[in-house]
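Working notes, structure below.
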Amino acid sequence: MKILVINSGSSSLKYQLIDMETERVLAKGNCERIGIAHSNFIYKAHGRTIEQEVEMPNHNVAVKLVLNKLTDSEIGVISSMSEIDGVGHRVVASGEAFKKPTLVTPESMKLMEEIKDLAPLHNPAAIVGIKACLSEMPNTPMVLVFDTGFHFTMPDYAYMYAIDYAHYEKYHIRRYGAHGTSHKFVAQEAAKYLKKDVKDLKIITCHLGNGSSITAVNGGRCIDTSMGFTPLAGVPMGTRSGDIDYSAAEYIAKKENMTVSETLNYLNKKCGVLGVSGVSSDFRDLSDAASNGNYRAELALNMFAYGVKKYIGAYAAALNGVDVIVFTAGIGENDDVVRRKSLQNLDYLGVKLDERKNSSCPRGEIAEIQSADSKVKILVIPTNEELVIARETMLEAKLG
Ligand code: ADP
């Protein structure tokens, strides 16, 4: 059983072919700069990486290239396209239209068109990618897997905004969250690693990457998450402001003569740790600058860690305690300083870090980094969103 996972961006298409018997990645790669001059095609299989400049004027050409490489006699991993049993498509935003993974059908594609503007950068790109795959593999079952899916178990008082209820009903404005596949994966992995049933655990999952979100998971179900109607909310991020008083945004907009969409672009692309530090959105650059005495880089790192800590405290309250805190994604898996700062002075919650284990944490595998007298387990778990998408695809398409 082999599942192709597709993650389409407006000018990119990331892919992985996964063998579901072993859950091993057979081949993966990325089509970059689709529709832009000097498109780039990356393909990794059999321990080799192939990078080629190939014209990719649209996603259809990109999908054809992927399929050609996967079935190539020299570097391919399957002998024909018919070996691909299903395709899982990552979709960022679902609105309330989709509450679980859904088969691609004319009806579901019609709904996808209707919710395009919920994620104007991502959802239209996903539709283009799905159509490109459909034109090359019309008879292969395909499934839409939503980043928001895991968060639909939140209670109403957690997902509602305190706005006119009529606007919630009319426009479905509420908290949806993001990174759902990652939060779900690491919560399940944590339970597996601890040899416990996920139903018996209160877990706080911290997905800290370019975009960061924190989720409270009770018995395997999300009960609250830090991102909101869009991935702009929550902790400060690489370039996103995170939570901000709306009046402050309006004040800046007026002073700087920005329209509503310019203000949103500013909050999404020019704020966060990049805006505060003036150095970079990349935490490696921030750490370097901070260790060279750059005050604003240090401030940005402190603001980020403090934001994570506040959500941990809030979610420990929401969960009525916490058994496990999980760190994942680029920063969560690699940045021991952020982990240390986020967990400082949480001993009243029973959270105690082993600083040596934290700073010598191995890359790419699960690590346990709490001290012997910590009541709460602290785990670093590499995320695998593609695997969750592949698993959901198998389930929804009733494969295997
Ligand atoms: P995305 O949200 O784009 O998937 P990732 O999860 O890949 O992001 O995280 C990207 C971020 O992870 C980078 O911007 C960088 O700040 C951080 N990062 C990656 N490797 C390291 C590292 N070794 N040390 C500190 N931060 C890192």
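Residues are named by chain letter and number: chains run A, B, ... in the order of the structure tokens, numbers start at 1 in each chain, and ligands are numbered from 1 in the order shown.
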
Taking only C-alpha atoms and all ligand atoms into account, report as a count of residues only which residues have an atom no farther than 6 Å from an atom of ligand 1. 11

Write out as a list in words the residues lying within 8 Å of Ile3 (chain A), counting only C-alpha atoms and excluding same-chain residues fewer than 4 positions away.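 Near Ile3 (chain A), the qualifying residues are Leu17, Ile18, Asp19, Met20, Ile84, Asp85, Gly86, Val87, Gly88, Ala390, Thr393 and Met394 of chain A.
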
Sorted by chain and rising residue number, which residues of region 181-253 of chain A lie within 10 Å of region 348-371 of chain A, and what are their closest atom pairs and distances in Å to one decimal, counting only C-alpha atoms, as a Markdown table?
| residue | atom | partner | partner_atom | distance |
| --- | --- | --- | --- | --- |
| A:Val186 | CA | A:Ile366 | CA | 9.9 |
| A:Glu189 | CA | A:Ile366 | CA | 8.9 |
| A:Ala190 | CA | A:Ile366 | CA | 8.7 |
| A:Tyr193 | CA | A:Ile366 | CA | 8.1 |
| A:Leu194 | CA | A:Glu368 | CA | 9.8 |

Closest of A:Lys202, A:Lys2, A:Lys255, A:His122 to Glu21 (chain A) - atom-to-atom distances counting only C-alpha atoms: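 Closest candidate: A:Lys2.
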
Quick one: pick out all strand (DSSP E or B) residues within region 198-343 of chain A from a backbone DSSP run and write them as a PyMOL selection string. chain A and resi 202-208+212-218+221-225+324-328

Which residues in region 160-347 of chain A does DSSP call alpha helix (DSSP H)? List them as a ChimeraX atom specification. /A:165-171,180-194,246-255,260-269,272-277,283-291,295-319,329-334,336-342

Can you write just those residues out, C-alpha atoms, as an mmCIF file, in the first residue's frame?
data_model
loop_
_atom_site.group_PDB
_atom_site.id
_atom_site.type_symbol
_atom_site.label_atom_id
_atom_site.label_comp_id
_atom_site.auth_asym_id
_atom_site.auth_seq_id
_atom_site.Cartn_x
_atom_site.Cartn_y
_atom_site.Cartn_z
ATOM 1 C CA TYR A 165 -23.191 35.878 17.804
ATOM 2 C CA ALA A 166 -24.945 36.702 14.548
ATOM 3 C CA HIS A 167 -21.523 37.209 12.935
ATOM 4 C CA TYR A 168 -20.387 33.819 14.144
ATOM 5 C CA GLU A 169 -23.499 32.284 12.608
ATOM 6 C CA LYS A 170 -23.280 34.229 9.374
ATOM 7 C CA TYR A 171 -19.510 34.118 8.724
ATOM 8 C CA GLY A 180 -3.519 19.882 13.764
ATOM 9 C CA THR A 181 -1.793 16.935 12.098
ATOM 10 C CA SER A 182 1.420 17.702 13.987
ATOM 11 C CA HIS A 183 -0.275 18.127 17.390
ATOM 12 C CA LYS A 184 -2.173 14.889 16.863
ATOM 13 C CA PHE A 185 0.944 13.002 15.797
ATOM 14 C CA VAL A 186 3.164 14.087 18.695
ATOM 15 C CA ALA A 187 0.413 13.529 21.282
ATOM 16 C CA GLN A 188 -0.005 9.949 20.003
ATOM 17 C CA GLU A 189 3.758 9.425 19.849
ATOM 18 C CA ALA A 190 4.119 10.687 23.427
ATOM 19 C CA ALA A 191 1.578 8.134 24.662
ATOM 20 C CA LYS A 192 3.237 5.359 22.655
ATOM 21 C CA TYR A 193 6.676 6.309 23.988
ATOM 22 C CA LEU A 194 5.428 6.391 27.596
ATOM 23 C CA TYR A 246 -6.665 45.107 17.646
ATOM 24 C CA SER A 247 -6.637 48.801 18.605
ATOM 25 C CA ALA A 248 -2.837 48.837 18.436
ATOM 26 C CA ALA A 249 -3.004 47.466 14.882
ATOM 27 C CA GLU A 250 -5.550 50.106 13.899
ATOM 28 C CA TYR A 251 -3.357 52.836 15.471
ATOM 29 C CA ILE A 252 -0.305 51.723 13.443
ATOM 30 C CA ALA A 253 -2.422 51.486 10.290
ATOM 31 C CA LYS A 254 -3.651 55.064 10.694
ATOM 32 C CA LYS A 255 -0.205 56.457 11.478
ATOM 33 C CA VAL A 260 -6.732 46.773 6.155
ATOM 34 C CA SER A 261 -4.996 44.271 3.877
ATOM 35 C CA GLU A 262 -1.676 46.133 4.135
ATOM 36 C CA THR A 263 -2.020 46.011 7.919
ATOM 37 C CA LEU A 264 -2.639 42.273 7.824
ATOM 38 C CA ASN A 265 0.321 41.803 5.534
ATOM 39 C CA TYR A 266 2.414 43.823 8.016
ATOM 40 C CA LEU A 267 1.210 41.714 10.973
ATOM 41 C CA ASN A 268 1.852 38.470 9.067
ATOM 42 C CA LYS A 269 5.149 39.242 7.365
ATOM 43 C CA GLY A 272 7.143 38.631 15.169
ATOM 44 C CA VAL A 273 10.749 38.037 16.179
ATOM 45 C CA LEU A 274 11.880 39.554 12.872
ATOM 46 C CA GLY A 275 10.138 42.837 13.638
ATOM 47 C CA VAL A 276 11.297 42.998 17.247
ATOM 48 C CA SER A 277 14.918 41.988 16.596
ATOM 49 C CA PHE A 283 16.039 31.447 15.548
ATOM 50 C CA ARG A 284 19.586 30.353 14.736
ATOM 51 C CA ASP A 285 20.419 33.912 13.619
ATOM 52 C CA LEU A 286 18.679 35.314 16.698
ATOM 53 C CA SER A 287 20.701 33.093 19.061
ATOM 54 C CA ASP A 288 23.952 34.118 17.339
ATOM 55 C CA ALA A 289 23.039 37.801 17.549
ATOM 56 C CA ALA A 290 21.910 37.506 21.178
ATOM 57 C CA SER A 291 25.140 35.786 22.194
ATOM 58 C CA TYR A 295 19.659 43.441 22.943
ATOM 59 C CA ARG A 296 16.729 43.269 20.495
ATOM 60 C CA ALA A 297 17.566 39.704 19.447
ATOM 61 C CA GLU A 298 17.662 38.696 23.131
ATOM 62 C CA LEU A 299 14.370 40.531 23.718
ATOM 63 C CA ALA A 300 12.709 38.720 20.790
ATOM 64 C CA LEU A 301 13.853 35.338 22.138
ATOM 65 C CA ASN A 302 12.632 36.224 25.626
ATOM 66 C CA MET A 303 9.250 37.375 24.314
ATOM 67 C CA PHE A 304 8.844 34.140 22.366
ATOM 68 C CA ALA A 305 9.769 31.902 25.318
ATOM 69 C CA TYR A 306 7.556 33.918 27.678
ATOM 70 C CA GLY A 307 4.664 33.533 25.230
ATOM 71 C CA VAL A 308 5.136 29.752 25.173
ATOM 72 C CA LYS A 309 5.343 29.646 28.974
ATOM 73 C CA LYS A 310 2.113 31.636 29.369
ATOM 74 C CA TYR A 311 0.241 29.206 27.128
ATOM 75 C CA ILE A 312 1.668 26.246 29.067
ATOM 76 C CA GLY A 313 0.354 27.822 32.286
ATOM 77 C CA ALA A 314 -3.016 28.590 30.737
ATOM 78 C CA TYR A 315 -3.405 25.089 29.338
ATOM 79 C CA ALA A 316 -2.332 23.440 32.592
ATOM 80 C CA ALA A 317 -5.288 25.341 34.073
ATOM 81 C CA ALA A 318 -7.613 24.350 31.218
ATOM 82 C CA LEU A 319 -6.583 20.684 31.585
ATOM 83 C CA ALA A 329 9.050 21.318 14.890
ATOM 84 C CA GLY A 330 12.155 23.293 13.855
ATOM 85 C CA ILE A 331 12.575 25.332 17.032
ATOM 86 C CA GLY A 332 10.933 22.901 19.455
ATOM 87 C CA GLU A 333 13.143 20.028 18.300
ATOM 88 C CA ASN A 334 16.411 21.937 17.983
ATOM 89 C CA ASP A 336 17.463 23.974 23.733
ATOM 90 C CA VAL A 337 17.674 27.606 24.898
ATOM 91 C CA VAL A 338 14.058 28.290 23.914
ATOM 92 C CA ARG A 339 12.974 25.080 25.684
ATOM 93 C CA ARG A 340 14.891 26.046 28.825
ATOM 94 C CA LYS A 341 13.517 29.597 28.901
ATOM 95 C CA SER A 342 9.935 28.444 28.221
#

Tell me, in Å to one decimal, how far CA of Asp117 (chain A) is from CA of Asp245 (chain A).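 A separation of 23.6 Å between them.
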
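CA of Pro382 (chain A) lies 25.3 Å from CA of Asp347 (chain A).
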
For Ser10 (chain A), which residue out of A:Met81, A:His59, A:Ser39, A:Lys110 is the nearest one, using only C-alpha atoms?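 Nearest to Ser10 (chain A): A:His59.
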
Under the rule that only C-alpha atoms are counted, which of A:Gly47, A:Gly9, A:Pro231, A:Pro101 is the nearest residue to Asp243 (chain A)?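 Checking each candidate against Asp243 (chain A), we get A:Pro231 as the closest.
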
Can you tell me which residues surround Ile203 (chain A) at a distance of at most 8 Å, considering only C-alpha atoms, apart from same-chain residues fewer than 6 positions away, and format the answer as JSON, numbers by chain? {"A": [187, 216, 217, 218, 322, 323, 324, 325, 326]}

Can you tell me which residues surround Ile42 (chain A) at a distance of at most 10 Å, considering only C-alpha atoms, apart from same-chain residues fewer than 6 positions away, and format the answer as a compact mmCIF listing (two decimals) with C-alpha atoms, in the first residue's frame?
# COMPACT_ATOMS: atom_id res chain seq x y z
CA LYS A 14 6.05 19.25 -1.78
CA TYR A 15 5.53 15.51 -2.07
CA LYS A 28 10.24 12.82 -1.42
CA GLY A 29 10.99 16.24 -2.75
CA ASN A 30 9.80 19.65 -3.73
CA CYS A 31 8.87 21.53 -6.89
CA GLU A 32 9.88 25.15 -6.29
CA THR A 49 19.23 13.75 -4.20
CA ILE A 50 18.54 15.04 -7.68
CA GLU A 51 18.12 18.76 -8.21
CA GLN A 52 17.25 20.07 -11.64
CA GLU A 53 16.27 23.39 -13.14
CA VAL A 66 6.93 13.98 -9.93

Computed interatomic separation between CA of Cys271 (chain A) and CA of Arg240 (chain A) (Å):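 Here the two named atoms are 5.1 Å from each other.
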